[in-house]
Structures are given as C-alpha cells and as structure tokens.
file coords-v3.txt (compact mmCIF, C-alpha atoms)
# COMPACT_ATOMS: atom_id res chain seq x y z
CA MET K 277 -17.69 -8.53 10.95
CA ALA K 278 -17.91 -5.10 9.35
CA LEU K 279 -16.09 -2.35 11.23
CA ARG K 280 -18.93 0.15 11.27
CA GLY K 281 -21.08 1.74 13.93
CA PRO K 282 -20.03 1.44 17.59
CA LEU K 283 -16.94 -0.71 16.94
CA SER K 284 -15.64 1.65 14.28
CA ARG K 285 -16.21 4.63 16.58
CA LEU K 286 -14.47 2.80 19.43
CA LEU K 287 -11.42 2.14 17.27
CA ARG K 288 -11.17 5.78 16.29
CA SER K 289 -11.55 6.93 19.91
CA THR K 290 -8.84 4.62 21.30
CA LEU K 291 -6.03 5.14 18.83
CA SER K 292 -2.53 4.25 19.93
CA SER K 293 -0.01 6.98 20.61
CA CYS K 294 1.58 6.34 17.22
CA GLN K 295 -1.74 7.09 15.50
CA GLN K 296 -2.96 10.17 17.33
CA ASN K 297 -3.19 13.62 15.72
CA ARG K 298 -2.49 12.27 12.26
CA SER K 299 -5.89 12.49 10.65
CA GLN K 300 -5.41 15.85 8.93
CA SER K 301 -1.67 15.83 8.19
CA VAL K 302 -0.18 13.94 5.26
CA ALA K 303 3.48 13.51 4.35
CA ILE K 304 4.36 12.52 0.77
CA LEU K 305 7.68 10.78 0.24
CA GLY K 306 8.91 10.04 -3.28
CA ALA K 307 11.15 7.01 -3.78
CA PRO K 308 12.37 7.02 -7.42
CA PHE K 309 14.04 3.62 -7.37
CA SER K 310 14.07 0.72 -9.82
CA LYS K 311 16.88 -1.68 -8.88
CA GLY K 312 14.53 -4.18 -7.24
CA GLN K 313 13.61 -5.37 -10.74
CA LYS K 314 14.99 -5.17 -14.26
CA ARG K 315 12.59 -2.81 -16.07
CA ARG K 316 13.75 0.78 -16.10
CA GLY K 317 11.24 3.58 -15.90
CA VAL K 318 9.51 2.80 -12.61
CA GLU K 319 11.79 5.38 -10.98
CA HIS K 320 9.67 8.00 -12.77
CA GLY K 321 6.55 6.85 -10.91
CA PRO K 322 6.64 9.46 -8.11
CA LYS K 323 6.81 12.38 -10.53
CA ALA K 324 4.09 10.91 -12.74
CA ILE K 325 1.73 10.47 -9.78
CA ARG K 326 2.37 14.01 -8.58
CA ASP K 327 1.85 15.35 -12.09
CA ALA K 328 -1.54 13.61 -12.13
CA GLY K 329 -2.68 16.01 -9.40
CA LEU K 330 -2.01 14.16 -6.15
CA VAL K 331 -1.16 17.15 -3.97
CA GLU K 332 -4.12 19.17 -5.24
CA ARG K 333 -6.52 16.27 -4.68
CA LEU K 334 -5.40 15.72 -1.10
CA SER K 335 -5.44 19.43 -0.37
CA ASN K 336 -9.06 19.53 -1.54
CA LEU K 337 -9.81 16.90 1.10
CA ASP K 338 -8.73 19.48 3.72
CA TYR K 339 -5.45 17.80 4.57
CA ALA K 340 -2.34 19.72 5.46
CA VAL K 341 -0.12 18.21 2.77
CA HIS K 342 3.64 18.15 3.29
CA ASP K 343 5.44 17.03 0.15
CA PHE K 344 8.99 16.22 1.20
CA GLY K 345 10.08 15.61 -2.37
CA ASP K 346 12.09 12.62 -3.57
CA LEU K 347 14.78 10.72 -1.74
CA THR K 348 18.14 10.54 -3.50
CA PHE K 349 19.43 7.00 -3.91
CA LYS K 350 23.04 6.13 -4.66
CA HIS K 351 23.73 3.23 -6.98
CA LEU K 352 26.87 1.34 -6.05
CA GLU K 353 29.34 0.84 -8.90
CA LYS K 354 30.42 -2.51 -7.50
CA ASP K 355 27.41 -4.52 -6.43
CA GLU K 356 27.93 -8.16 -7.35
CA HIS K 357 25.05 -10.59 -7.57
CA PHE K 358 24.19 -12.57 -4.46
CA MET K 359 23.28 -15.99 -5.78
CA HIS K 360 21.17 -14.73 -8.73
CA VAL K 361 19.87 -11.63 -6.94
CA PRO K 362 20.92 -8.43 -8.76
CA PHE K 363 21.92 -5.22 -6.92
CA PRO K 364 21.43 -6.55 -3.37
CA ARG K 365 23.57 -3.86 -1.68
CA THR K 366 22.03 -1.03 -3.68
CA VAL K 367 18.53 -2.22 -2.80
CA GLY K 368 19.49 -2.68 0.83
CA ARG K 369 20.97 0.79 1.12
CA ALA K 370 17.95 2.38 -0.58
CA ASN K 371 15.59 0.66 1.85
CA GLN K 372 17.65 1.73 4.83
CA LEU K 373 17.40 5.35 3.68
CA LEU K 374 13.67 5.01 3.08
CA SER K 375 13.16 3.39 6.47
CA GLY K 376 14.60 6.42 8.22
CA ALA K 377 12.45 8.80 6.16
CA VAL K 378 9.20 6.90 6.85
CA SER K 379 10.05 6.60 10.55
CA GLY K 380 10.65 10.33 10.71
CA ALA K 381 7.38 11.17 8.97
CA VAL K 382 5.32 8.87 11.19
CA GLY K 383 7.14 10.08 14.29
CA ALA K 384 6.29 13.66 13.34
CA GLY K 385 2.59 12.78 13.40
CA HIS K 386 1.84 12.48 9.68
CA THR K 387 -0.01 9.85 7.73
CA CYS K 388 2.76 8.88 5.30
CA ILE K 389 2.24 8.23 1.59
CA MET K 390 5.25 6.57 -0.05
CA LEU K 391 5.36 6.82 -3.84
CA GLY K 392 7.47 4.19 -5.60
CA GLY K 393 9.43 3.04 -7.32
CA ASP K 394 9.36 -0.74 -7.35
CA HIS K 395 7.87 -2.89 -4.61
CA SER K 396 11.21 -3.81 -3.04
CA LEU K 397 10.85 -0.41 -1.34
CA ALA K 398 8.15 -1.83 0.93
CA ILE K 399 10.95 -3.47 2.94
CA GLY K 400 12.18 -0.10 4.14
CA SER K 401 8.76 1.51 4.29
CA VAL K 402 7.24 -1.14 6.55
CA GLU K 403 10.42 -1.39 8.64
CA GLY K 404 10.52 2.36 9.22
CA HIS K 405 6.84 2.34 10.15
CA ALA K 406 7.48 -0.46 12.63
CA GLN K 407 10.15 1.62 14.37
CA GLN K 408 7.37 3.98 15.46
CA CYS K 409 4.47 1.52 15.56
CA PRO K 410 5.74 -1.97 16.43
CA ASP K 411 2.17 -3.27 16.70
CA LEU K 412 1.28 -2.42 13.08
CA CYS K 413 -0.56 -4.77 10.75
CA LEU K 414 0.09 -5.07 7.01
CA ILE K 415 -2.40 -5.32 4.14
CA TRP K 416 -0.64 -6.30 0.89
CA VAL K 417 -2.63 -5.63 -2.30
CA ASP K 418 -0.79 -6.97 -5.33
CA ALA K 419 -1.00 -9.23 -8.34
CA HIS K 420 1.84 -11.22 -6.75
CA ALA K 421 2.58 -12.52 -3.26
CA ASP K 422 6.17 -11.11 -3.21
CA ILE K 423 7.18 -13.72 -0.63
CA ASN K 424 9.91 -15.49 -2.58
CA THR K 425 13.38 -15.90 -1.10
CA PRO K 426 16.69 -15.93 -3.00
CA LEU K 427 16.36 -19.71 -2.96
CA THR K 428 12.90 -19.79 -4.58
CA SER K 429 12.77 -16.70 -6.81
CA PRO K 430 12.83 -17.56 -10.54
CA SER K 431 14.12 -14.09 -11.47
CA GLY K 432 16.11 -13.13 -8.40
CA ASN K 433 14.44 -9.71 -8.42
CA LEU K 434 14.05 -8.35 -4.91
CA HIS K 435 10.70 -6.68 -5.61
CA GLY K 436 9.29 -10.22 -5.53
CA GLN K 437 10.92 -11.00 -2.16
CA SER K 438 9.89 -8.03 -0.02
CA VAL K 439 7.59 -9.85 2.40
CA ALA K 440 10.18 -12.56 3.07
CA PHE K 441 12.48 -9.93 4.57
CA LEU K 442 9.75 -8.79 6.97
CA LEU K 443 8.38 -12.07 8.34
CA LYS K 444 9.79 -13.60 11.51
CA ASP K 445 8.17 -16.86 10.42
CA LEU K 446 10.67 -17.12 7.52
CA GLN K 447 13.75 -16.16 9.51
CA ASN K 448 15.30 -19.60 9.21
CA LYS K 449 14.53 -19.74 5.45
CA MET K 450 16.20 -16.48 4.43
CA PRO K 451 19.94 -16.35 3.75
CA GLU K 452 21.83 -13.24 4.84
CA VAL K 453 21.55 -11.00 1.80
CA PRO K 454 24.33 -8.39 1.49
CA GLY K 455 23.08 -4.90 2.16
CA PHE K 456 20.41 -5.86 4.69
CA SER K 457 22.41 -6.34 7.88
CA TRP K 458 20.74 -3.18 9.27
CA MET K 459 17.37 -4.91 9.68
CA LYS K 460 15.87 -8.01 11.25
CA PRO K 461 12.46 -9.56 10.51
CA PHE K 462 9.80 -8.19 12.84
CA LEU K 463 6.36 -9.09 11.45
CA SER K 464 4.33 -12.17 12.38
CA ALA K 465 2.30 -14.03 9.78
CA ARG K 466 -0.89 -13.38 11.76
CA ASP K 467 -0.33 -9.62 11.29
CA LEU K 468 -0.46 -9.83 7.48
CA VAL K 469 -3.33 -10.18 5.02
CA TYR K 470 -2.92 -10.62 1.27
CA ILE K 471 -5.32 -9.55 -1.43
CA ALA K 472 -3.54 -10.93 -4.47
CA HIS K 473 -4.00 -12.84 -7.71
CA HIS K 474 -1.65 -15.69 -6.97
CA VAL K 475 -1.92 -17.79 -3.83
CA LEU K 476 1.28 -19.66 -3.06
CA ILE K 477 1.47 -22.85 -1.01
CA ILE K 478 3.79 -21.06 1.41
CA LEU K 479 0.97 -18.72 2.44
CA LYS K 480 -1.08 -21.72 3.54
CA THR K 481 1.79 -23.37 5.40
CA LEU K 482 2.57 -20.16 7.30
CA GLY K 483 -1.05 -19.65 8.22
CA ILE K 484 -1.24 -16.28 6.46
CA GLN K 485 -4.70 -14.91 5.77
CA TYR K 486 -5.09 -14.40 2.03
CA PHE K 487 -7.70 -13.72 -0.61
CA SER K 488 -7.24 -14.56 -4.27
CA MET K 489 -9.25 -13.14 -7.15
CA ARG K 490 -11.29 -16.34 -7.03
CA ASP K 491 -12.14 -15.59 -3.40
CA ILE K 492 -13.21 -12.07 -4.36
CA ASP K 493 -15.43 -13.49 -7.12
CA ARG K 494 -16.94 -16.03 -4.73
CA MET K 495 -17.32 -13.90 -1.60
CA GLY K 496 -17.57 -10.38 -2.97
CA ILE K 497 -15.18 -7.58 -2.11
CA GLN K 498 -17.37 -6.38 0.78
CA ARG K 499 -17.13 -9.71 2.59
CA VAL K 500 -13.38 -9.97 1.83
CA MET K 501 -12.77 -6.62 3.53
CA GLU K 502 -14.98 -7.52 6.49
CA VAL K 503 -12.94 -10.68 7.10
CA THR K 504 -9.64 -8.86 6.49
CA LEU K 505 -10.28 -6.11 9.00
CA ASP K 506 -11.85 -8.45 11.52
CA HIS K 507 -8.80 -10.72 11.32
CA LEU K 508 -6.36 -7.85 11.90
CA LEU K 509 -8.30 -5.60 14.26
CA ALA K 510 -10.82 -7.65 16.23
CA ARG K 511 -8.36 -8.51 19.04
CA LYS K 512 -7.06 -4.95 19.29
CA GLN K 513 -6.92 -1.78 17.26
CA ARG K 514 -3.53 -1.10 15.70
CA PRO K 515 -2.05 1.07 12.92
CA ILE K 516 -2.54 -0.19 9.36
CA HIS K 517 0.20 -0.22 6.75
CA LEU K 518 -1.30 -0.57 3.28
CA SER K 519 1.13 -1.61 0.56
CA PHE K 520 -0.63 -1.26 -2.80
CA ASP K 521 0.96 -2.41 -6.05
CA ILE K 522 -0.84 -0.81 -8.99
CA ASP K 523 -0.56 -4.11 -10.90
CA ALA K 524 -3.27 -5.50 -8.62
CA PHE K 525 -5.71 -3.78 -10.97
CA ASP K 526 -6.64 -5.33 -14.27
CA PRO K 527 -4.27 -4.16 -17.05
CA SER K 528 -7.21 -2.55 -18.84
CA LEU K 529 -7.25 -0.05 -15.95
CA ALA K 530 -3.54 0.18 -15.11
CA PRO K 531 -1.56 -0.65 -18.25
CA ALA K 532 1.59 1.33 -17.35
CA THR K 533 3.17 -1.17 -14.99
CA GLY K 534 5.91 -3.76 -15.23
CA THR K 535 4.24 -7.07 -14.37
CA PRO K 536 0.54 -6.85 -15.29
CA VAL K 537 -1.72 -9.86 -14.82
CA ASN K 538 -5.06 -10.28 -16.58
CA GLY K 539 -8.15 -10.68 -14.44
CA GLY K 540 -7.16 -8.16 -11.78
CA LEU K 541 -9.21 -5.92 -9.55
CA THR K 542 -11.96 -3.81 -11.04
CA TYR K 543 -12.04 -0.11 -10.26
CA ARG K 544 -14.91 -0.63 -7.85
CA GLU K 545 -13.13 -3.45 -5.99
CA GLY K 546 -9.86 -1.56 -5.63
CA ILE K 547 -11.50 1.62 -4.42
CA TYR K 548 -13.74 -0.31 -2.04
CA ILE K 549 -10.63 -1.76 -0.39
CA THR K 550 -9.17 1.66 0.28
CA GLU K 551 -12.51 3.15 1.34
CA GLU K 552 -12.98 0.46 3.97
CA ILE K 553 -9.44 0.93 5.28
CA HIS K 554 -10.13 4.65 5.59
CA ASN K 555 -13.34 3.90 7.49
CA THR K 556 -11.34 2.23 10.28
CA GLY K 557 -9.54 5.50 11.03
CA LEU K 558 -6.34 3.48 11.43
CA LEU K 559 -4.41 4.02 8.19
CA SER K 560 -0.91 5.14 9.14
CA VAL K 561 1.31 4.48 6.11
CA MET K 562 0.45 3.70 2.48
CA ASP K 563 2.78 2.60 -0.31
CA VAL K 564 1.75 3.02 -3.95
CA VAL K 565 4.27 1.32 -6.19
CA GLU K 566 5.11 -0.03 -9.65
CA VAL K 567 3.67 2.83 -11.70
CA ASN K 568 5.96 2.87 -14.75
CA PRO K 569 5.11 5.68 -17.17
CA THR K 570 7.60 4.44 -19.76
CA LEU K 571 5.57 1.26 -20.26
CA GLY K 572 2.34 2.92 -21.29
CA ALA K 573 1.74 2.28 -24.98
CA THR K 574 0.08 5.69 -25.36
CA PRO K 575 -0.15 8.91 -23.33
CA GLU K 576 -3.70 7.87 -22.50
CA ALA K 577 -2.46 4.60 -20.99
CA VAL K 578 -0.01 6.49 -18.78
CA GLU K 579 -2.69 8.97 -17.74
CA ALA K 580 -5.12 6.16 -16.90
CA THR K 581 -2.56 4.49 -14.63
CA THR K 582 -1.39 7.63 -12.84
CA SER K 583 -4.94 8.90 -12.38
CA LEU K 584 -5.89 5.55 -10.90
CA ALA K 585 -2.99 5.81 -8.46
CA VAL K 586 -4.25 9.23 -7.34
CA ASP K 587 -7.78 7.85 -6.94
CA VAL K 588 -6.54 4.98 -4.78
CA ILE K 589 -4.58 7.31 -2.50
CA ALA K 590 -7.40 9.83 -2.25
CA SER K 591 -10.00 7.19 -1.39
CA ALA K 592 -7.71 5.77 1.29
CA LEU K 593 -7.70 9.26 2.78
CA GLY K 594 -11.44 9.80 2.65
CA GLN K 595 -12.50 10.79 -0.84
CA THR K 596 -15.94 9.38 -1.62
CA ARG K 597 -17.01 8.20 -5.04
CA GLU K 598 -19.56 10.10 -7.04
CA GLY K 599 -22.94 8.81 -6.03
CA ALA K 600 -21.81 7.89 -2.53
CA HIS K 601 -24.32 8.78 0.17
CA ILE K 602 -23.64 12.05 2.00
CA ALA K 603 -25.25 12.58 5.37
CA PHE K 604 -27.15 15.82 5.97
CA PRO K 605 -28.06 16.30 9.65
CA LYS K 606 -30.82 18.67 8.54
CA ILE K 607 -32.50 19.12 5.17
CA PRO K 608 -31.69 22.66 4.03
CA GLU K 609 -34.67 24.96 3.51
CA PRO K 610 -34.99 27.39 0.58
CA LYS K 611 -34.76 31.13 1.12
CA GLU K 612 -38.01 32.98 1.76
CA ASP K 613 -38.09 34.59 -1.69
CA THR K 614 -37.55 31.29 -3.50
CA GLU K 615 -40.53 30.09 -5.50
CA LEU K 616 -41.45 26.57 -4.42
CA ARG K 617 -42.69 23.85 -6.74
CA LEU K 618 -45.84 22.55 -5.03

call {"tool": "encode", "arguments": {"input": "coords-v3.txt", "output": "structure tokens"}}
result
Amino acid sequence: MALRGPLSRLLRSTLSSCQQNRSQSVAILGAPFSKGQKRRGVEHGPKAIRDAGLVERLSNLDYAVHDFGDLTFKHLEKDEHFMHVPFPRTVGRANQLLSGAVSGAVGAGHTCIMLGGDHSLAIGSVEGHAQQCPDLCLIWVDAHADINTPLTSPSGNLHGQSVAFLLKDLQNKMPEVPGFSWMKPFLSARDLVYIAHHVLIILKTLGIQYFSMRDIDRMGIQRVMEVTLDHLLARKQRPIHLSFDIDAFDPSLAPATGTPVNGGLTYREGIYITEEIHNTGLLSVMDVVEVNPTLGATPEAVEATTSLAVDVIASALGQTREGAHIAFPKIPEPKEDTELRL
C-alpha cells in the first residue's frame, strides 16, 4: 500500500510528540570514527560530505540548519580484543557519546543527520534516538546485513555487528561485549526492514522483513518501498530512523567506500527510497556512513561518492529530482505587455 493521499496526510497530521515541530529544523552531527573496522580514512567522511556542499544544499531547501560540528572520540591505549573483536571498549565509548548527542538533538526538536564514520556508529545513533522515541522503526539500507555477532563474524569488525546490539530477539545470542554495558537491546525484529544485497538465513529465522537486490529487480523499487512502509507504519505512525550505508550503491556510483559490492542500487533506486521516506513526513534521524575519501582512486571518484551522499540526504529532506512534477495551484498568466504566441 503506497503511503500517499489521505493516509499520508493523516500520518503527517497525527505525529507523535517526539516528531512534532521538526520539519524545518535540521541538526548535523559529525562522527569521525573508524575503529569499527580496519580501514583507516572513513573518519574523514563527515568533513568530505560537508565539503561537498551539504549545509548549503539543505539551507536552499529552507531548513534552519544547525551544524554542531564533529564529536571528539578518545581512543583507549589499552583496549584488548574481545574474542576476535578489535577495539570493543573504544567502539562502545564512542557509541555512548554519540547516543547522548543524538538524543539531545532529537529532544531539542531537530531532524538529526549523523555523518559517519563507520557503520558501528549506528548502535549509538539508534539507541540515542530510542531514548526520545521508543516507538521508532528502523530502515537499514546497506550492501550488508550487519547482524553478525562476535560468535559469527568472520572479521570481528563491529561495523558488521551493529544490528545485533539493537535487537531484543538476539539478546540470548549476544555475549557481553566490553564497552557496551551502558546499553540494552530495545528493538523488535518486526520494527526493522532491510534493503540490502545479502540476505542471511538469520533474517528469515527472526522474521525480519527484508529485500535483496533480486527482490528489487523482481518487484521494482516502487513496490519494495510500498511494502516497506506499509509493514512499518500501517498499524500506527511512528518516527523513522534511516541508516544508510553508502556502499548500498553500486561501486560505479560510490567508489570511495570500504566494502563495495557489485550490483548495488542504481542512482534512481537509492534516491527513490529516500524520496518515499520523506513523503511519509516521519523521518526523524538519518545516518549516512562509510564514505571513505582516502579510498577513491581519483579525485573524481571521491567527488562522486561525496556528492551522492549529499544527494541522498537532500532527497530524504525533500529535494526533488530534476524533471519531477511540481504542482502549480494556478497557471501563471503573462503580464499585459507581453506579446503572446497565438
């Protein structure tokens, strides 16, 4: 069911207290952090996205833009591996700091845009959002499911385990990772939808709604978004947290990222996702992560990736594509002294 017309208007008119008065105020939080994975350079993502014109683009959309700069993360000198997970305490502390910042931004009435950094930061971003909006739903757009645990992760990297920290359904499968005693899982599987390349068996066993690239090819991105939003919002309207990993796009579009996967989203598909989320009027927090300017083979590759990140954010906040239909309530008439072509 597409969320347009009367239902879409109803959702916008009955926003929860956590969502009210946020439509024209945006908070940007930079999270220059890379310890959730092993490739350095992703900590430069926030600056690169800003340098690509993010603030100017959002200001042109008539938002009051509040750029709160970058958080400062401390890296612990002694942070031993947990099992084969590197930097668990450093990652945990960074996410605790980010959680407080996101909670503060949402509590102040802003739509919050979190610029990563690696995708382990979604742990703190979603947790902080949930402090203000416990009824939130999560849309995870990524080339990877990021639902490994320390017991299943081949690499141990925490950016591939973010969702496992959030889900109550995996509470008895997750060991107590040092650095994360400050949080408990809070999200139910029914409140999560994946749009990702790889579909893991665990998603099926947990009953998580998911769409692979094959599903997008078969159903079309329009139908995928209809089902996604119907699944999350049909029972009740609630704030949306969109966590968008730039590697969800095909590497030909977003080459400056750490774990690219061929056959990713096209530009049209990715932008359609964010446009439809904007159309609900329920976007509350958005993460854009894994932009790594040091991995672009050329300056043009870096520019393509950072510009794409800006496009994704702007479309989630209402920017329309060139050629999109614009409604005119009345056809403008020429001035009296204008010569008409009859």

call {"tool": "closest_residue", "arguments": {"input": "coords-v3.txt", "among": "K:Lys460, K:His386, K:His517, K:Arg490", "to": "Asp445 (chain K)", "atoms": "only C-alpha atoms"}}
result
K:Lys460

call {"tool": "atom_distance", "arguments": {"input": "coords-v3.txt", "atom1": "CA of Gly540 (chain K)", "atom2": "CA of Leu334 (chain K)"}}
result
26.2 Å

call {"tool": "atom_distance", "arguments": {"input": "coords-v3.txt", "atom1": "CA of Ile589 (chain K)", "atom2": "CA of Gln408 (chain K)"}}
result
21.8 Å

call {"tool": "residues_around", "arguments": {"input": "coords-v3.txt", "residues": "Leu347 (chain K)", "least_positions_apart": "4", "cutoff": "10 Å", "atoms": "all atoms listed in the file", "output": "list in words"}}
result
Leu305, Gly306, Ala307, Pro308, Phe309, Ala370, Leu373, Leu374 and Ala377 of chain K

call {"tool": "closest_residue", "arguments": {"input": "coords-v3.txt", "among": "K:His507, K:Ile304, K:Leu468, K:Pro531", "to": "Glu576 (chain K)", "atoms": "only C-alpha atoms"}}
result
K:Pro531

call {"tool": "residues_around", "arguments": {"input": "coords-v3.txt", "residues": "region 552-561 of chain K", "least_positions_apart": "2", "cutoff": "6 Å", "atoms": "all atoms listed in the file", "output": "count of residues only"}}
result
12

call {"tool": "closest_residue", "arguments": {"input": "coords-v3.txt", "among": "K:Arg369, K:His360, K:Arg544, K:His351", "to": "Ser429 (chain K)", "atoms": "all atoms listed in the file"}}
result
K:His360

call {"tool": "residues_around", "arguments": {"input": "coords-v3.txt", "residues": "region 568-572 of chain K", "least_positions_apart": "2", "cutoff": "12 Å", "atoms": "all atoms listed in the file", "output": "VMD selection string"}}
result
chain K and resid 308 to 310 313 315 to 325 327 to 328 391 to 395 521 to 523 527 to 536 564 to 566 574 to 583 585

call {"tool": "closest_residue", "arguments": {"input": "coords-v3.txt", "among": "K:Gly400, K:Pro610, K:Gly312, K:Pro362", "to": "Val378 (chain K)", "atoms": "only C-alpha atoms"}}
result
K:Gly400
